[in-house]
Amino acid sequence: MKNLLPTLMLYLLTTFSYAQQVDSTYVQEHYTKTTYNIAMRDGIKLYTIVYTPKDRSEKYPILLNRTCYNASKYDNYKAIGQPSSYLVRDKYILVYQDVRGRYMSEGTFTTLTPNIPGNNKKNKKDIDESSDTWDTIDWLIKNIKNNNKKVGMYGISYPGFYTAAAIPDAHPALKASSPQAPISDFFFDDFIHQGAFLQSYTAAFAVFGYQKKALTKQPWYTEQIMRFYENPPKDGYAFHLSQGPLKNITEKYHFDNFFWKEISEHHTYDSFWQKRSILPHLKDVSPAVMTVGGWFDAEDLYGPLNIYKTIEKNNPKVRNTIVMGPWDHGGWARERGKTTHNHIYFGDSVSTFYQKEIERNFFAHHLKDAEIKQLPEAYMYDTGAKTWKKFKAWPPENTPTVKFYFGKNGKLGINALGNEKEVFEYLSDPARPVPYTSQIEGLTFTPRKYMSDDQRHASKRPDVLTFVSDELSEDLTLAGEIVAKLKVSMTGTDADFIVKIIDEYPVDHPNYNHNPANIIMGGYQQLVRAEVLRGRFRNSFEKPEPFEPHNTTDVPIRLQDILHTFKKGHKIVIQVHSTWFPYIDRNPQKYVENIFEANEEDFVKSTIRVYGNSVVEVGGKVSLK
């Protein structure tokens with residue numbers, strides 16, 4: 001156990017810090033560090049670290065990062081990439097703060113603290129993340145010398161949520177906000193995807209599900225993490241399958257975890273989750289907003305896309321920008337030279353370009369009045385053409401919708417009508433679920449690599465429907481929203497539906513130098529986009545309902561957006577299946593009220609049929625109807 005702890009702590013650090021360490025000597029030479037305990041309106045004090053430029057010849061804006069991942073890791077003049085070295089050298093007042101209930105801050109930690117509309121304007125004593133941010137900013141601009149009364153916020157993942165949550169009823173000094181990989185709604189992002197629980201996150205619950213007993217700069221949940229990692233399994237698929245129903249995980253690992261209790265008890269989109277969504281509150285926005293995400297972010301892809309779209313819809317006059325690059329979770333804050341995701345190479349120094357030409361200019365323009373050309377509405381990376389593209393709107397306007405249909409012998413039709421008389425059938429067995437990754441991997445803390453993984457392992461499975469287009473005679477770019485409109489029937493009373501869009505490479509495609517010898521790019525089936533819908537929620541996320549055996553039913557599935565050029569000579573592949581393990585938990589396929597309480601005997605095989613008049617629509621804005 002002792003030998004594993006340093007490795008585990010390093011893993012946690014790299015999981016939630018996102019960047020290589022910048023030169024601490026430079027920070028120490030040019031900045032003065034001070035710590036404060038800033039009182040909120042209810043008297044709770046939040047631990048805050050402030051780095052102020054030693055050069056007093058001008059006034060500086062404030063860059064604020066609020067985190068549940070330990071502000072103290074930024075102590076000792078270590079910025080560890082938050083913010084980037086470009087912003088550090090441009091000289092801002094750098095502020096890091098523990099949110100309430102975490103590490104050195106007082107109070108109680110809450111899962112996605114619900115927003116209270118109009119709270120700051122009415123000067124109430126009620127608290128939310130917007131009020132805590134308001135109180136922090138108000139104190140900073142009044143007490144930190146040499147500030148120019150302008151504040152910017154940024155944060156990745158949960159800190160991205162705190163950044164987004166400060167936008168409603170924002171303090172007047174908050175001029176620029178950059179939610180990055182932000183959580184917007186936990187029922188659709190991170191731990192749950194459209195009703196399906198991400199079992200691959202099981203070990204991560206320890207980080208969020210325990211209240212600390214005293215102020216601390218060290219994790220207090222190590223013992224709970226070690227329930228999984230004292231003897232870490234080498235095969236995560238086998239480990240999770242051996243656990244059986246989720247109720248066994250509750251009893252063995254998470255019997256005392258309040259976040260697990262919240263997830264397991266609130267298994268529908270009830271008021272608990274609805275009031276924790278930040279999306280309905282993104283109205284009357286005043287700061288300029290730049291939302292950032294990664295096309296291969298397995299944790300938070302829904303958040304950035306929907307925060308941007310919601311702000312755009314509700315606040316058409318606000319400066320609102322979205323940036324999406326070829327990164328996984330927070331990858332834009334790391335620079336490794338060659339930009340890769342899993343087995344795919346996208347170019348050199350893509351993160352440096354973002355840090356230097358996009359993020360740096362965003363904050364300089366809005367906080368320092370720098371005369372820099374405004375960013376485009378949407379700065380998006382085409383993951384097939386492997387180049388940046390600029391759009392005046394996202395989804396792009398006047399983009400034709402491409403429709404894909406399922407045909408005989410696994411044929412994928414493009415803009416050709418399907419035949420409703422065609423029936424495609426598979427036997428879905430929860431005891432033998434489809435693996436979500438092509439490689440055997442150990443117990444994951446959170447999944448990362450699968451988002452561009454080779455899908456040939458799934459193509460070989462009899463419980464996966466695989467439809468392949470003809471070889472493309474010219475490039476085809478898919479840009480915008482995706483909806484799969486499936487027509488299905490089944491012998492069971494519940495099922496999950498996973499839909500994947502895949503780029504199949506030519507058989508003579510050369511291998512990449514960064515890959516091991518066993519990774520063959522010829523014929524590689526690269527996952528481009530995929531999503532799951534727990535079938536019981538096909539008509540309502542609030543009111544689940546079983547399927548009627550053998551009755552044909554519509555199942556509409558919203559996938560996240562895409563910008564990908566399928567090159568000439570490639571093929572487009574679409575897969576449909578009903579297990580995806582252990583990325584998501586197993587659906588018993590017999591309808592039970594709460595899958596977290598299902599018994600072993602509830603898990604049954606089901607013959608599932610998908611009909612030829614199903615369609616997958618891609619491009620621009622696509623309706624679920």
# chains A, B, ... in the order shown; residues from 1 in each chain; ligands from 1
$ residues_around --residues "segment 272-287 of chain A" --least-positions-apart "5" --cutoff "10 Å" --atoms "only C-alpha atoms" --output "ChimeraX atom specification"
/A:111-118,151-153,161-162,164-178,183-188,262-263,266-267,303,306-320,366,542
$ residues_around --residues "segment 208-213 of chain A" --least-positions-apart "3" --cutoff "7 Å" --atoms "only C-alpha atoms" --output "VMD selection string"
chain A and resid 109 205 220 to 221 257 to 260
$ write_last_selection --atoms "N, CA, C and O atoms" --output "CSV table (one decimal), in the first residue's frame"
chain,number,residue,atom,x,y,z
A,109,PHE,N,-18.9,21.1,1.3
A,109,PHE,CA,-18.9,20.9,-0.1
A,109,PHE,C,-20.2,20.4,-0.6
A,109,PHE,O,-20.8,19.5,0.0
A,205,PHE,N,-15.2,8.3,-7.4
A,205,PHE,CA,-16.2,8.8,-6.5
A,205,PHE,C,-15.5,9.2,-5.2
A,205,PHE,O,-16.0,10.1,-4.4
A,220,TRP,N,-7.9,13.8,1.9
A,220,TRP,CA,-8.4,13.1,3.1
A,220,TRP,C,-9.2,11.9,2.8
A,220,TRP,O,-9.7,11.2,3.6
A,221,TYR,N,-9.2,11.5,1.5
A,221,TYR,CA,-10.0,10.4,1.0
A,221,TYR,C,-9.1,9.3,0.4
A,221,TYR,O,-9.6,8.4,-0.3
A,257,ASN,N,-20.3,6.8,0.9
A,257,ASN,CA,-20.0,7.9,0.0
A,257,ASN,C,-21.3,8.7,-0.4
A,257,ASN,O,-22.2,8.2,-1.0
A,258,PHE,N,-21.3,10.0,0.0
A,258,PHE,CA,-22.5,10.7,-0.2
A,258,PHE,C,-22.8,11.0,-1.7
A,258,PHE,O,-24.0,11.1,-2.1
A,259,PHE,N,-21.8,11.2,-2.5
A,259,PHE,CA,-22.0,11.4,-3.9
A,259,PHE,C,-22.5,10.2,-4.6
A,259,PHE,O,-23.4,10.3,-5.4
A,260,TRP,N,-22.0,9.0,-4.3
A,260,TRP,CA,-22.6,7.8,-4.8
A,260,TRP,C,-24.0,7.6,-4.4
A,260,TRP,O,-24.9,7.2,-5.2
$ residues_around --residues "segment 552-568 of chain A" --least-positions-apart "3" --cutoff "6 Å" --atoms "only C-alpha atoms" --output "PyMOL selection string"
chain A and resi 382-385+472-489+531+538
$ write_last_selection --atoms "N, CA and C atoms" --output "JSON list (two decimals), in the first residue's frame"
[["chain", "number", "residue", "atom", "x", "y", "z"],
["A", 382, "ASP", "N", -10.93, 20.73, -37.29],
["A", 382, "ASP", "CA", -11.45, 19.62, -38.09],
["A", 382, "ASP", "C", -10.57, 18.41, -37.83],
["A", 383, "THR", "N", -11.11, 17.39, -37.16],
["A", 383, "THR", "CA", -10.31, 16.25, -36.72],
["A", 383, "THR", "C", -10.00, 15.27, -37.84],
["A", 384, "GLY", "N", -10.60, 15.46, -39.03],
["A", 384, "GLY", "CA", -10.27, 14.63, -40.19],
["A", 384, "GLY", "C", -9.30, 15.33, -41.12],
["A", 385, "ALA", "N", -9.58, 16.62, -41.41],
["A", 385, "ALA", "CA", -8.67, 17.41, -42.24],
["A", 385, "ALA", "C", -7.43, 17.83, -41.45],
["A", 472, "LEU", "N", -15.08, 6.53, -50.29],
["A", 472, "LEU", "CA", -15.44, 7.87, -50.72],
["A", 472, "LEU", "C", -14.63, 8.31, -51.93],
["A", 473, "SER", "N", -15.30, 8.86, -52.92],
["A", 473, "SER", "CA", -14.63, 9.33, -54.14],
["A", 473, "SER", "C", -14.15, 10.76, -53.99],
["A", 474, "GLU", "N", -14.60, 11.45, -52.93],
["A", 474, "GLU", "CA", -14.16, 12.81, -52.63],
["A", 474, "GLU", "C", -14.32, 13.05, -51.14],
["A", 475, "ASP", "N", -13.66, 14.09, -50.63],
["A", 475, "ASP", "CA", -13.77, 14.41, -49.21],
["A", 475, "ASP", "C", -15.22, 14.72, -48.85],
["A", 476, "LEU", "N", -15.63, 14.32, -47.64],
["A", 476, "LEU", "CA", -16.96, 14.62, -47.12],
["A", 476, "LEU", "C", -16.81, 15.14, -45.70],
["A", 477, "THR", "N", -17.21, 16.40, -45.48],
["A", 477, "THR", "CA", -17.11, 17.01, -44.16],
["A", 477, "THR", "C", -18.46, 16.98, -43.46],
["A", 478, "LEU", "N", -18.45, 16.44, -42.25],
["A", 478, "LEU", "CA", -19.63, 16.47, -41.40],
["A", 478, "LEU", "C", -19.40, 17.53, -40.33],
["A", 479, "ALA", "N", -20.33, 18.50, -40.26],
["A", 479, "ALA", "CA", -20.16, 19.62, -39.35],
["A", 479, "ALA", "C", -21.48, 19.97, -38.69],
["A", 480, "GLY", "N", -21.52, 19.89, -37.36],
["A", 480, "GLY", "CA", -22.72, 20.29, -36.65],
["A", 480, "GLY", "C", -23.27, 19.20, -35.76],
["A", 481, "GLU", "N", -24.58, 19.16, -35.64],
["A", 481, "GLU", "CA", -25.25, 18.28, -34.69],
["A", 481, "GLU", "C", -25.53, 16.91, -35.30],
["A", 482, "ILE", "N", -25.78, 15.94, -34.43],
["A", 482, "ILE", "CA", -26.03, 14.56, -34.85],
["A", 482, "ILE", "C", -27.24, 14.02, -34.08],
["A", 483, "VAL", "N", -28.15, 13.41, -34.82],
["A", 483, "VAL", "CA", -29.26, 12.71, -34.19],
["A", 483, "VAL", "C", -29.44, 11.37, -34.88],
["A", 484, "ALA", "N", -29.47, 10.30, -34.09],
["A", 484, "ALA", "CA", -29.82, 8.98, -34.61],
["A", 484, "ALA", "C", -31.28, 8.72, -34.29],
["A", 485, "LYS", "N", -32.06, 8.43, -35.32],
["A", 485, "LYS", "CA", -33.49, 8.16, -35.14],
["A", 485, "LYS", "C", -33.72, 6.69, -35.46],
["A", 486, "LEU", "N", -33.66, 5.88, -34.40],
["A", 486, "LEU", "CA", -33.75, 4.44, -34.57],
["A", 486, "LEU", "C", -35.19, 3.96, -34.44],
["A", 487, "LYS", "N", -35.51, 2.94, -35.22],
["A", 487, "LYS", "CA", -36.76, 2.20, -35.07],
["A", 487, "LYS", "C", -36.37, 0.82, -34.57],
["A", 488, "VAL", "N", -36.85, 0.44, -33.38],
["A", 488, "VAL", "CA", -36.37, -0.78, -32.76],
["A", 488, "VAL", "C", -37.54, -1.59, -32.18],
["A", 489, "SER", "N", -37.27, -2.85, -31.94],
["A", 489, "SER", "CA", -38.13, -3.69, -31.11],
["A", 489, "SER", "C", -37.22, -4.65, -30.35],
["A", 531, "GLU", "N", -22.30, 8.01, -28.63],
["A", 531, "GLU", "CA", -23.10, 8.36, -27.45],
["A", 531, "GLU", "C", -24.05, 7.23, -27.14],
["A", 538, "ARG", "N", -36.30, 7.25, -23.51],
["A", 538, "ARG", "CA", -36.48, 7.67, -24.91],
["A", 538, "ARG", "C", -37.54, 8.75, -25.08]]
$ select_by_dssp --residues "segment 201-406 of chain A" --states "strand (DSSP E or B)" --output "PyMOL selection string"
chain A and resi 288-294+320-325+338-341+344-348+378-382+387-391+402-406
$ select_by_dssp --residues "segment 374-461 of chain A" --states "alpha helix (DSSP H)" --output "ChimeraX atom specification"
/A:456-459
$ closest_atom_pairs --of "segment 535-591 of chain A" --to "segment 517-525 of chain A" --cutoff "10 Å" --atoms "only C-alpha atoms" --output "JSON lines"
{"residue": "A:His570", "atom": "CA", "partner": "A:Gly523", "partner_atom": "CA", "distance": 9.0}
{"residue": "A:Lys571", "atom": "CA", "partner": "A:Gln525", "partner_atom": "CA", "distance": 9.0}
{"residue": "A:Ile572", "atom": "CA", "partner": "A:Gln525", "partner_atom": "CA", "distance": 9.0}
{"residue": "A:Val573", "atom": "CA", "partner": "A:Gln525", "partner_atom": "CA", "distance": 7.9}
$ residues_around --residues "segment 39-49 of chain A" --least-positions-apart "6" --cutoff "12 Å" --atoms "only C-alpha atoms" --output "NGL selection string"
:A and (32-33 or 63-68 or 70-79 or 93-109 or 119-120 or 123-140 or 144 or 215-217)
$ closest_atom_pairs --of "segment 501-550 of chain A" --to "segment 589-610 of chain A" --cutoff "9 Å" --atoms "only C-alpha atoms" --output "CSV"
residue,atom,partner,partner_atom,distance
A:Arg536,CA,A:Tyr591,CA,8.2
A:Pro544,CA,A:Glu593,CA,8.6
A:Glu545,CA,A:Tyr591,CA,8.2
A:Pro546,CA,A:Tyr591,CA,5.8
A:Phe547,CA,A:Tyr591,CA,8.1
A:His550,CA,A:Arg609,CA,8.9
$ decode --residues "segment 95-192 of chain A" --atoms "C-alpha atoms" --output "short mmCIF file (atom, residue, chain, number, x, y, z; two decimals), in the first residue's frame"
data_model
loop_
_atom_site.label_atom_id
_atom_site.label_comp_id
_atom_site.auth_asym_id
_atom_site.auth_seq_id
_atom_site.Cartn_x
_atom_site.Cartn_y
_atom_site.Cartn_z
CA VAL A 95 -5.57 34.11 -7.75
CA TYR A 96 -6.28 30.51 -6.69
CA GLN A 97 -9.08 29.67 -4.29
CA ASP A 98 -10.41 26.52 -2.61
CA VAL A 99 -14.20 26.42 -2.95
CA ARG A 100 -16.15 25.96 0.25
CA GLY A 101 -15.73 22.64 1.99
CA ARG A 102 -12.54 21.72 0.14
CA TYR A 103 -9.00 21.60 1.52
CA MET A 104 -8.16 24.88 3.34
CA SER A 105 -11.58 26.51 2.95
CA GLU A 106 -14.32 26.40 5.56
CA GLY A 107 -17.88 25.22 4.93
CA THR A 108 -19.52 22.17 3.39
CA PHE A 109 -18.86 20.89 -0.11
CA THR A 110 -21.94 20.51 -2.32
CA THR A 111 -22.38 18.64 -5.60
CA LEU A 112 -22.83 21.34 -8.27
CA THR A 113 -24.28 23.94 -5.90
CA PRO A 114 -27.69 24.99 -7.26
CA ASN A 115 -27.85 28.54 -8.61
CA ILE A 116 -30.16 31.05 -6.91
CA PRO A 117 -31.45 33.45 -9.60
CA GLY A 118 -31.00 37.13 -8.77
CA ASN A 119 -29.20 36.34 -5.52
CA ASN A 120 -26.44 38.93 -5.86
CA LYS A 121 -28.75 41.67 -7.11
CA LYS A 122 -30.96 41.27 -4.06
CA ASN A 123 -27.94 41.10 -1.75
CA LYS A 124 -29.35 38.07 0.07
CA LYS A 125 -27.50 35.96 2.59
CA ASP A 126 -28.20 32.80 0.59
CA ILE A 127 -25.10 31.35 -1.04
CA ASP A 128 -24.27 29.68 -4.33
CA GLU A 129 -21.16 29.63 -6.52
CA SER A 130 -22.15 32.93 -8.11
CA SER A 131 -22.42 34.64 -4.72
CA ASP A 132 -19.12 33.15 -3.49
CA THR A 133 -17.44 34.40 -6.67
CA TRP A 134 -19.09 37.82 -6.32
CA ASP A 135 -17.90 38.15 -2.73
CA THR A 136 -14.40 37.02 -3.67
CA ILE A 137 -14.10 39.45 -6.58
CA ASP A 138 -15.51 42.30 -4.51
CA TRP A 139 -12.91 41.68 -1.80
CA LEU A 140 -10.05 41.33 -4.30
CA ILE A 141 -10.67 44.56 -6.19
CA LYS A 142 -11.02 46.47 -2.90
CA ASN A 143 -8.03 44.94 -1.08
CA ILE A 144 -5.39 43.80 -3.59
CA LYS A 145 -3.25 46.77 -4.49
CA ASN A 146 -2.48 47.76 -8.05
CA ASN A 147 -5.40 45.96 -9.71
CA ASN A 148 -7.17 47.62 -12.64
CA LYS A 149 -10.69 46.62 -11.46
CA LYS A 150 -11.03 44.00 -14.19
CA VAL A 151 -11.28 40.27 -13.50
CA GLY A 152 -11.08 37.20 -15.70
CA MET A 153 -11.99 33.65 -14.70
CA TYR A 154 -10.91 30.30 -16.09
CA GLY A 155 -10.96 26.68 -14.99
CA ILE A 156 -10.91 23.14 -16.38
CA SER A 157 -13.45 20.42 -15.52
CA TYR A 158 -15.07 21.06 -12.11
CA PRO A 159 -13.27 24.45 -11.99
CA GLY A 160 -14.85 24.98 -15.42
CA PHE A 161 -18.24 24.57 -13.75
CA TYR A 162 -17.28 27.12 -11.09
CA THR A 163 -16.30 29.49 -13.89
CA ALA A 164 -19.63 28.98 -15.68
CA ALA A 165 -21.57 29.21 -12.41
CA ALA A 166 -20.15 32.71 -11.80
CA ILE A 167 -21.60 34.03 -15.06
CA PRO A 168 -25.22 34.43 -13.86
CA ASP A 169 -25.61 37.66 -11.84
CA ALA A 170 -21.89 38.29 -12.37
CA HIS A 171 -19.95 40.92 -10.46
CA PRO A 172 -19.53 44.04 -12.67
CA ALA A 173 -15.75 43.65 -12.52
CA LEU A 174 -15.93 40.19 -14.14
CA LYS A 175 -15.17 41.07 -17.75
CA ALA A 176 -13.92 37.80 -19.27
CA SER A 177 -14.94 34.24 -18.44
CA SER A 178 -13.47 31.05 -19.92
CA PRO A 179 -15.20 27.84 -18.80
CA GLN A 180 -12.97 25.02 -20.04
CA ALA A 181 -14.23 21.42 -20.20
CA PRO A 182 -17.00 22.66 -17.90
CA ILE A 183 -19.59 20.43 -16.31
CA SER A 184 -23.00 21.87 -17.08
CA ASP A 185 -25.38 19.09 -16.02
CA PHE A 186 -24.30 15.86 -14.27
CA PHE A 187 -27.15 13.85 -15.80
CA PHE A 188 -25.64 14.31 -19.27
CA ASP A 189 -21.95 14.79 -18.55
CA ASP A 190 -19.20 13.08 -16.58
CA PHE A 191 -20.84 10.46 -14.33
CA ILE A 192 -24.07 9.91 -16.29
#
